[in-house]
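Asks: Next comes query19.tsv, TSV, C-alpha atoms:
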```
chain	number	residue	atom	x	y	z
A	236	MET	CA	4.40	3.88	21.81
A	237	LEU	CA	2.56	3.56	18.53
A	238	SER	CA	-1.15	2.79	18.66
A	239	LYS	CA	-2.32	-0.64	17.52
A	240	LYS	CA	-3.88	0.90	14.43
A	241	ALA	CA	-0.69	2.81	13.63
A	242	SER	CA	1.51	-0.25	14.02
A	243	MET	CA	-0.60	-2.09	11.44
A	244	LEU	CA	-0.55	0.84	9.04
A	245	ILE	CA	3.24	1.06	9.28
A	246	PHE	CA	3.46	-2.31	7.56
A	247	TYR	CA	1.16	-1.13	4.78
A	248	ILE	CA	3.01	2.15	4.30
A	249	ALA	CA	6.47	0.61	4.41
A	250	VAL	CA	5.59	-2.11	1.91
A	251	ALA	CA	3.96	0.44	-0.36
A	252	MET	CA	6.95	2.82	-0.20
A	253	ALA	CA	9.40	0.07	-1.03
A	254	SER	CA	7.14	-1.29	-3.77
A	255	PHE	CA	6.95	2.13	-5.40
A	256	GLY	CA	10.76	2.29	-5.38
A	257	GLN	CA	11.07	5.54	-3.48
A	258	GLN	CA	13.92	7.22	-5.40
A	259	PRO	CA	13.11	10.44	-7.28
A	260	ALA	CA	15.00	11.23	-10.46
A	261	LYS	CA	17.13	13.99	-8.90
A	262	PRO	CA	16.67	16.18	-5.83
A	263	GLY	CA	14.61	19.20	-6.80
A	264	LYS	CA	13.81	17.93	-10.27
A	265	LYS	CA	10.11	17.67	-11.14
A	266	VAL	CA	9.00	14.08	-11.43
A	267	SER	CA	6.06	13.70	-13.76
A	268	ALA	CA	4.71	10.67	-15.53
A	269	PRO	CA	3.78	11.26	-19.17
A	270	ALA	CA	0.11	10.86	-19.98
A	271	PRO	CA	-0.38	7.29	-21.18
A	272	LYS	CA	-1.23	6.78	-24.84
A	273	ALA	CA	-4.67	5.39	-25.47
A	274	THR	CA	-4.59	1.72	-26.34
A	275	SER	CA	-7.15	-1.05	-26.54
A	276	ASN	CA	-5.71	-2.45	-23.29
A	277	GLN	CA	-5.80	0.84	-21.39
A	278	LEU	CA	-7.42	0.46	-17.97
A	279	ASP	CA	-10.55	2.50	-17.36
A	280	ASN	CA	-10.08	5.14	-14.70
A	281	THR	CA	-11.55	3.37	-11.71
A	282	LEU	CA	-10.44	1.67	-8.51
A	283	LEU	CA	-13.42	-0.72	-8.37
A	284	TRP	CA	-13.58	-3.91	-10.47
A	285	LYS	CA	-15.99	-6.83	-10.78
A	286	ILE	CA	-14.64	-10.40	-10.94
A	287	SER	CA	-16.91	-12.92	-12.67
A	288	GLY	CA	-16.92	-16.01	-14.89
A	289	ASN	CA	-14.65	-19.05	-14.73
A	290	GLY	CA	-17.20	-21.05	-12.73
A	291	LEU	CA	-17.98	-18.44	-10.09
A	292	SER	CA	-21.52	-18.77	-8.76
A	293	ARG	CA	-21.49	-15.11	-7.72
A	294	SER	CA	-19.42	-12.10	-8.71
A	295	SER	CA	-16.74	-10.74	-6.38
A	296	TYR	CA	-15.11	-7.32	-6.27
A	297	LEU	CA	-11.60	-5.88	-6.30
A	298	TYR	CA	-10.82	-2.41	-4.97
A	299	GLY	CA	-7.54	-0.47	-4.97
A	300	THR	CA	-6.84	1.31	-1.67
A	301	MET	CA	-4.34	3.91	-0.53
A	302	HIS	CA	-3.12	3.22	2.96
A	303	VAL	CA	-2.77	6.84	4.14
A	304	LEU	CA	-4.62	9.86	2.76
A	305	CYS	CA	-5.64	13.26	4.01
A	306	ALA	CA	-9.07	12.81	5.59
A	307	GLY	CA	-10.67	14.99	2.90
A	308	ASP	CA	-9.41	12.68	0.16
A	309	ALA	CA	-10.51	9.47	1.87
A	310	THR	CA	-14.11	8.87	0.83
A	311	ILE	CA	-16.23	5.87	-0.07
A	312	SER	CA	-18.34	6.02	-3.22
A	313	ASP	CA	-21.92	4.77	-3.34
A	314	SER	CA	-20.87	1.86	-5.57
A	315	LEU	CA	-18.15	0.80	-3.12
A	316	LYS	CA	-20.68	1.03	-0.29
A	317	LEU	CA	-22.91	-1.38	-2.20
A	318	ALA	CA	-19.99	-3.77	-2.82
A	319	ILE	CA	-19.35	-3.76	0.94
A	320	LYS	CA	-23.06	-4.32	1.62
A	321	TYR	CA	-23.34	-7.27	-0.80
A	322	ALA	CA	-20.04	-8.96	0.09
A	323	ASP	CA	-20.04	-11.97	2.38
A	324	GLN	CA	-16.48	-11.24	3.52
A	325	ILE	CA	-13.87	-8.52	3.05
A	326	TYR	CA	-10.22	-9.37	2.49
A	327	PHE	CA	-7.48	-6.77	3.05
A	328	GLU	CA	-3.75	-7.37	2.72
A	329	LEU	CA	-3.78	-7.84	6.50
A	330	ASP	CA	-6.59	-8.83	8.83
A	331	MET	CA	-7.01	-5.44	10.48
A	332	ASP	CA	-9.85	-6.72	12.63
A	333	ASN	CA	-7.67	-9.36	14.30
A	334	MET	CA	-6.51	-8.13	17.70
A	335	GLY	CA	-3.82	-10.82	17.87
A	336	GLU	CA	-2.31	-9.60	14.60
A	337	MET	CA	-2.48	-5.99	15.70
A	338	LEU	CA	-0.99	-6.57	19.14
A	339	GLY	CA	1.77	-8.74	17.68
A	340	ALA	CA	2.77	-6.27	14.99
A	341	MET	CA	5.22	-4.31	17.12
A	342	LYS	CA	7.59	-7.22	17.66
A	343	TYR	CA	8.30	-7.39	13.94
A	344	LEU	CA	9.50	-3.79	13.69
A	345	ARG	CA	12.96	-4.61	15.07
A	346	MET	CA	15.94	-5.77	13.06
A	347	ASN	CA	17.20	-9.29	13.65
A	348	ASP	CA	20.40	-10.06	15.57
A	349	GLY	CA	20.16	-6.91	17.69
A	350	LYS	CA	21.36	-4.65	14.87
A	351	LYS	CA	21.13	-0.89	15.31
A	352	LEU	CA	20.70	1.90	12.80
A	353	SER	CA	23.60	3.76	14.44
A	354	GLU	CA	25.85	0.80	13.57
A	355	LEU	CA	24.69	0.62	9.95
A	356	LEU	CA	25.45	4.26	9.17
A	357	SER	CA	28.54	6.40	9.36
A	358	LYS	CA	28.62	8.95	12.16
A	359	GLU	CA	27.97	11.70	9.62
A	360	ASP	CA	24.92	9.98	8.14
A	361	TYR	CA	23.48	9.04	11.51
A	362	ALA	CA	23.90	12.67	12.63
A	363	LYS	CA	21.93	13.68	9.51
A	364	VAL	CA	19.06	11.42	10.55
A	365	GLU	CA	19.23	12.75	14.11
A	366	GLU	CA	19.09	16.31	12.80
A	367	TYR	CA	15.99	15.54	10.75
A	368	PHE	CA	14.20	14.07	13.75
A	369	LYS	CA	15.21	17.03	15.89
A	370	HIS	CA	13.56	19.55	13.56
A	371	ASN	CA	10.54	17.61	12.30
A	372	ALA	CA	7.47	16.13	13.95
A	373	VAL	CA	7.83	12.35	13.85
A	374	PRO	CA	5.59	10.17	16.10
A	375	LEU	CA	8.52	8.53	17.93
A	376	PRO	CA	11.98	9.85	18.86
A	377	LEU	CA	14.88	8.34	16.93
A	378	ALA	CA	16.38	6.93	20.15
A	379	MET	CA	13.36	4.62	20.44
A	380	MET	CA	13.75	3.42	16.85
A	381	ASN	CA	17.47	2.66	16.74
A	382	ARG	CA	16.70	-1.07	16.38
A	383	PHE	CA	13.77	-0.59	13.96
A	384	LYS	CA	14.10	-1.81	10.39
A	385	PRO	CA	15.06	1.34	8.46
A	386	TYR	CA	12.16	1.06	6.01
A	387	PHE	CA	9.76	1.30	8.95
A	388	ILE	CA	11.48	4.53	9.99
A	389	SER	CA	11.12	5.80	6.41
A	390	SER	CA	7.41	4.95	6.53
A	391	LEU	CA	6.89	7.07	9.65
A	392	ILE	CA	8.59	10.02	7.95
A	393	GLY	CA	6.51	9.42	4.83
A	394	GLU	CA	3.24	9.58	6.74
A	395	GLN	CA	4.16	13.04	8.02
A	396	MET	CA	4.52	14.36	4.46
A	397	MET	CA	0.77	14.60	3.94
A	398	SER	CA	-0.09	18.31	4.09
A	399	CYS	CA	-2.98	17.87	6.51
A	400	ASP	CA	-3.57	17.41	10.21
A	401	GLN	CA	-6.13	14.62	9.94
A	402	LYS	CA	-5.27	11.46	8.00
A	403	ASN	CA	-7.13	8.30	7.23
A	404	GLY	CA	-6.68	5.17	5.16
A	405	MET	CA	-9.20	3.58	2.83
A	406	GLU	CA	-8.97	0.34	4.81
A	407	GLU	CA	-10.17	2.14	7.93
A	408	LEU	CA	-13.13	3.65	6.07
A	409	ILE	CA	-14.07	0.31	4.50
A	410	MET	CA	-13.88	-1.36	7.91
A	411	ARG	CA	-16.08	1.33	9.42
A	412	GLU	CA	-18.68	0.89	6.67
A	413	SER	CA	-18.52	-2.90	6.99
A	414	LYS	CA	-19.39	-2.70	10.71
A	415	LYS	CA	-22.91	-1.61	9.70
A	416	TYR	CA	-23.43	-5.11	8.31
A	417	ASN	CA	-21.22	-7.12	10.67
A	418	LYS	CA	-19.02	-8.24	7.80
A	419	GLU	CA	-16.21	-10.68	8.51
A	420	ILE	CA	-12.75	-9.21	7.88
A	421	LYS	CA	-9.84	-11.38	6.76
A	422	GLY	CA	-6.30	-10.93	5.42
A	423	LEU	CA	-4.39	-12.30	2.45
A	424	GLU	CA	-1.14	-12.03	4.45
A	425	THR	CA	0.02	-11.86	8.06
A	426	THR	CA	2.03	-9.12	9.75
A	427	GLU	CA	4.80	-11.68	10.28
A	428	PHE	CA	4.98	-12.31	6.53
A	429	GLN	CA	4.93	-8.61	5.62
A	430	ALA	CA	7.65	-7.88	8.16
A	431	SER	CA	9.75	-10.77	6.82
A	432	ILE	CA	9.79	-9.06	3.43
A	433	PHE	CA	12.14	-6.46	4.87
A	434	ASP	CA	14.48	-9.09	6.22
A	435	SER	CA	15.01	-10.08	2.57
A	436	ILE	CA	16.35	-6.62	1.77
A	437	PRO	CA	19.77	-5.92	3.36
A	438	TYR	CA	19.47	-3.62	6.34
A	439	GLU	CA	22.48	-1.71	5.01
A	440	LYS	CA	20.54	-0.84	1.85
A	441	GLN	CA	17.51	0.15	3.88
A	442	ALA	CA	19.66	2.43	6.02
A	443	LYS	CA	21.26	3.98	2.95
A	444	ASP	CA	17.81	4.57	1.43
A	445	LEU	CA	16.66	6.23	4.66
A	446	VAL	CA	19.50	8.77	4.41
A	447	SER	CA	18.76	9.30	0.71
A	448	TYR	CA	15.11	9.78	1.62
A	449	ILE	CA	16.00	12.53	4.09
A	450	ASP	CA	18.49	14.14	1.68
A	451	SER	CA	15.79	14.38	-1.01
A	452	ILE	CA	12.78	14.98	1.20
A	453	ASP	CA	11.34	17.80	-0.94
A	454	SER	CA	11.38	15.59	-4.02
A	455	TYR	CA	9.69	12.81	-2.10
A	456	LYS	CA	6.98	15.22	-0.95
A	457	GLN	CA	6.40	16.04	-4.60
A	458	VAL	CA	6.19	12.35	-5.52
A	459	THR	CA	3.77	11.77	-2.63
A	460	MET	CA	1.54	14.62	-3.82
A	461	GLU	CA	1.63	13.23	-7.35
A	462	MET	CA	0.70	9.74	-6.16
A	463	VAL	CA	-2.27	11.18	-4.21
A	464	GLU	CA	-3.39	13.10	-7.30
A	465	VAL	CA	-3.14	9.97	-9.45
A	466	TYR	CA	-5.15	8.07	-6.84
A	467	ARG	CA	-7.80	10.81	-6.86
A	468	GLU	CA	-7.98	10.45	-10.63
A	469	GLN	CA	-8.29	6.66	-10.21
A	470	ASN	CA	-5.76	6.42	-13.03
A	471	LEU	CA	-4.15	2.99	-12.68
A	472	GLU	CA	-2.22	3.32	-15.94
A	473	ARG	CA	-0.48	6.45	-14.71
A	474	MET	CA	0.06	4.86	-11.30
A	475	ASP	CA	1.81	1.93	-12.98
A	476	SER	CA	4.00	4.41	-14.87
A	477	LEU	CA	4.96	6.19	-11.64
A	478	MET	CA	5.80	2.91	-9.97
A	479	HIS	CA	8.29	2.10	-12.70
A	480	LYS	CA	10.22	5.32	-12.01
A	481	SER	CA	11.99	3.38	-9.31
A	482	ASP	CA	15.47	3.13	-7.89
A	483	PRO	CA	17.35	0.73	-10.20
A	484	GLY	CA	18.79	-0.81	-7.05
A	485	MET	CA	15.29	-2.00	-6.10
A	486	ASP	CA	14.73	-3.97	-9.32
A	487	GLU	CA	16.05	-7.20	-7.84
A	488	TYR	CA	13.59	-6.92	-4.95
A	489	MET	CA	10.44	-6.10	-6.93
A	490	ASP	CA	9.44	-9.75	-7.13
A	491	ILE	CA	9.57	-9.98	-3.33
A	492	LEU	CA	7.88	-6.64	-2.70
A	493	LEU	CA	5.21	-6.62	-5.36
A	494	TYR	CA	4.97	-9.25	-8.09
A	495	GLY	CA	5.43	-12.34	-5.94
A	496	ARG	CA	2.82	-11.08	-3.52
A	497	ASN	CA	0.40	-10.46	-6.39
A	498	ARG	CA	0.85	-14.05	-7.58
A	499	HIS	CA	0.39	-15.38	-4.06
A	500	TRP	CA	-2.88	-13.49	-3.66
A	501	VAL	CA	-4.25	-14.56	-7.03
A	502	ASP	CA	-3.42	-18.18	-6.19
A	503	GLN	CA	-5.56	-17.87	-3.04
A	504	MET	CA	-8.47	-15.93	-4.53
A	505	PRO	CA	-10.19	-18.71	-6.56
A	506	GLU	CA	-10.84	-20.86	-3.49
A	507	ILE	CA	-11.84	-17.86	-1.36
A	508	MET	CA	-14.44	-16.57	-3.84
A	509	LYS	CA	-15.58	-19.94	-5.24
A	510	SER	CA	-18.97	-19.86	-3.55
A	511	LYS	CA	-19.04	-16.43	-1.89
A	512	CYS	CA	-19.15	-12.77	-2.85
A	513	ILE	CA	-15.85	-11.29	-1.67
A	514	LEU	CA	-14.56	-7.74	-1.66
A	515	PHE	CA	-10.75	-7.78	-2.02
A	516	ALA	CA	-9.34	-4.38	-1.00
A	517	VAL	CA	-5.57	-4.13	-1.56
A	518	GLY	CA	-3.11	-1.35	-2.35
A	519	ALA	CA	-3.97	0.23	-5.72
A	520	GLY	CA	-0.38	-0.22	-6.90
A	521	HIS	CA	-0.97	-3.99	-6.96
A	522	LEU	CA	-3.75	-3.77	-9.56
A	523	PRO	CA	-2.20	-2.54	-12.86
A	524	GLY	CA	0.52	-3.91	-15.10
A	525	GLU	CA	1.28	-7.26	-16.71
A	526	GLN	CA	2.06	-8.71	-13.29
A	527	GLY	CA	-0.75	-6.88	-11.54
A	528	VAL	CA	-3.73	-8.54	-9.91
A	529	ILE	CA	-6.15	-7.58	-12.71
A	530	SER	CA	-3.97	-9.11	-15.43
A	531	LEU	CA	-3.18	-12.23	-13.38
A	532	LEU	CA	-6.87	-12.89	-12.70
A	533	ARG	CA	-7.65	-12.54	-16.39
A	534	LYS	CA	-4.88	-15.00	-17.23
A	535	LYS	CA	-6.60	-17.47	-14.89
A	536	GLY	CA	-9.77	-17.15	-16.98
A	537	TYR	CA	-11.77	-14.66	-14.92
A	538	LYS	CA	-13.59	-11.70	-16.41
A	539	VAL	CA	-12.42	-8.56	-14.62
A	540	THR	CA	-14.45	-5.52	-15.63
A	541	PRO	CA	-14.23	-1.86	-14.52
A	542	MET	CA	-17.06	-0.41	-12.47
A	543	GLY	CA	-17.99	3.19	-11.86
A	544	ASN	CA	-16.56	4.33	-8.54
A	545	TYR	CA	-18.50	7.53	-8.09
A	546	SER	CA	-21.43	8.59	-5.97
A	547	LYS	CA	-24.34	7.53	-8.14
A	548	LYS	CA	-27.21	6.07	-6.17
A	549	THR	CA	-28.04	2.62	-7.49
A	550	GLU	CA	-29.00	-0.70	-5.99
A	551	SER	CA	-27.56	-2.69	-8.88
A	552	LEU	CA	-24.06	-4.12	-8.99
```
Spell out the structure here as structure tokens.
Replies:
Amino acid sequence: MLSKKASMLIFYIAVAMASFGQQPAKPGKKVSAPAPKATSNQLDNTLLWKISGNGLSRSSYLYGTMHVLCAGDATISDSLKLAIKYADQIYFELDMDNMGEMLGAMKYLRMNDGKKLSELLSKEDYAKVEEYFKHNAVPLPLAMMNRFKPYFISSLIGEQMMSCDQKNGMEELIMRESKKYNKEIKGLETTEFQASIFDSIPYEKQAKDLVSYIDSIDSYKQVTMEMVEVYREQNLERMDSLMHKSDPGMDEYMDILLYGRNRHWVDQMPEIMKSKCILFAVGAGHLPGEQGVISLLRKKGYKVTPMGNYSKKTESL
């Protein structure tokens, strides 16, 4: 069985994969986002932002995470450490410190109505998935996942694409750092809500995307490597560009997967940070763009300013 930590991360990974619209241009074709043109609205290259103004008594902070990274790429800057130290509470997408949430996550992996992947695919396509599992290291055998929502199966395959033995997520590192100060951890969503997102996308489409994912696995590895590189560069503009290279068939679901969630979070944030210093740490893909969290906060009247996210010793935020 999956560990409690892994079951939580599956939700993060699956939502992120679907949000990024995981279809490459063509199998084997290099996918590369053009360098963004400099404009007055261009986002500074950083993952850490300060939220102030609009009646706030204290500033809060916004940080863009990546849910799974090679351990060598998952590091916390000195400025992020200070944001963790000064924050009264830390909000992730999910409350990863809630044992009830973690223990309950597994029940949401299964499709409704007893559906099975083997029934959603043709014999030929299901055999293709079986063949992939036979020759590649995936945490669970396919037989155990026949009733899993296909996007969760895709997420498990996606995690294995990282070219490293040891992996970590930024949420895990932030949680570890926060333990030094006994910070309270909370979530903007529940595992039940995140799992319900995938019930809004037809299981047939999810199954078809799983087969496409396996058919074009080398291209997806390339996209994954590019996303990690963009994250290393802290280049939100380029990340936004990559996210829009999506499967046209996903367009109708982007409001469910990404934009609607951004709006829901930004509706909650004013009350949460009204009288406290909060660190909001959510997937970096949620930050940029006209419907991203940064833009939505600014439209509500907040000042959202970029902060250096490098290891420079300072006690001033």
Asks: Report, in Å with one decimal, the straight-line distance from atom CA of Ala378 of chain A to atom CA of Ser431 of chain A.
Replies: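 It comes out at 23.1 Å.
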Asks: What is the atom CA of Thr540 of chain A-atom CA of Ser287 of chain A distance in Å, reported with one decimal?
Replies: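 These atoms are spaced 8.3 Å apart.
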Asks: Nearest to Ile311 of chain A: which of A:Ser546, A:Ser353, A:Gln324, A:Ser451 is it, counting all atoms listed in the file?
Replies: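 So, comparing all the options, the nearest one is A:Ser546.
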Asks: Could you please determine the separation between atom CA of Asp490 of chain A and atom CA of Leu471 of chain A in Å, to one decimal place?
Replies: 19.4 Å
Asks: Residues at most 10 Å from Asp330 of chain A, counting only C-alpha atoms, excluding those fewer than 4 positions away in the same chain, as a VMD selection string?
Replies: chain A and resid 243 325 to 326 334 to 337 419 to 426
Asks: Please determine, counting all atoms listed in the file, which residue among A:Met405, A:Met504, A:Leu522, A:Leu291 has the shortest atom-to-atom distance to Arg473 of chain A.
Replies: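 Checking each of A:Met405, A:Met504, A:Leu522, A:Leu291 against Arg473 of chain A, counting all atoms listed in the file, the winner is A:Leu522.
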Asks: Can you pull out the residues contacting Val446 of chain A? Cut-off 9 Å, using all atoms listed in the file, and skip same-chain residues under 4 positions away; I want them as a VMD selection string.
Replies: chain A and resid 356 360 to 361 363 to 364 441 to 442 450 to 451
Asks: Could you check the closest approach to Asn347 of chain A for each of A:Ala430, A:Met379, A:Ala519, A:Leu477 and tell me which residue wins, using all atoms listed in the file?
Replies: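 With all atoms listed in the file as the atom set, the closest residue is A:Ala430.
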Asks: Would you list the residues near (-16.4, -6.2, -12.5), meaning any protein, DNA or RNA residue with an atom at most 10 Å from that point in file coordinates, counting all atoms listed in the file, as a list in words?
Replies: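 Here is the list of nearby residues: Leu283, Trp284, Lys285, Ile286, Ser287, Ser294, Ser295, Tyr296, Leu297, Tyr537, Lys538, Val539, Thr540, Pro541, Met542, Gly543 and Leu552 of chain A.
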Asks: Identify which of the residues A:Glu365, A:Glu506, A:Glu525, A:Asp348 lies closest to Leu445 of chain A, counting all atoms listed in the file when measuring atom-to-atom distances.
Replies: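 Of A:Glu365, A:Glu506, A:Glu525, A:Asp348, the one nearest Leu445 of chain A is A:Glu365, counting all atoms listed in the file.
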Asks: Using all atoms listed in the file, which residue out of A:Glu407, A:Glu461, A:Glu487, A:Asp475 lies closest to Val303 of chain A?
Replies: A:Glu407
Asks: Under the rule that only C-alpha atoms are counted, which of A:Cys305, A:Met489, A:Met474, A:Cys512 is the nearest residue to Gly524 of chain A?
Replies: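 Of the candidates, the smallest distance to Gly524 of chain A is held by A:Met474.
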Asks: Around all the atoms of segment 370-379 of chain A listed in the file, draw an axis-aligned box and extend it by 3 Å on each of the six sides; I want its centre and edge lengths in Å to one decimal, as AutoDock Vina command-line options.
Replies:
```
--center_x 11.0 --center_y 12.1 --center_z 16.4 --size_x 16.8 --size_y 20.9 --size_z 14.1
```
Asks: What lies within 10 Å of Pro505 of chain A using all atoms listed in the file, ignoring chain neighbours under 4 positions off, as a ChimeraX atom specification?
Replies: /A:289-291,500-501,509-510,532,535,537
Asks: Name the residues in contact with Pro376 of chain A at a cut-off of 12 Å, using all atoms listed in the file, excluding same-chain residues fewer than 4 positions from it; report them as number ranges by chain.
Replies: A: 236-237, 364-372, 380-381, 383, 388, 391-392
Asks: For Asn280 of chain A, list every protein, DNA or RNA residue within 8 Å, evaluated using all atoms listed in the file, and leave out those in the same chain fewer than 6 positions away; present the list as a list in words.
Replies: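 Non-adjacent residues within range: Glu468, Gln469, Asn470 and Leu471 of chain A.
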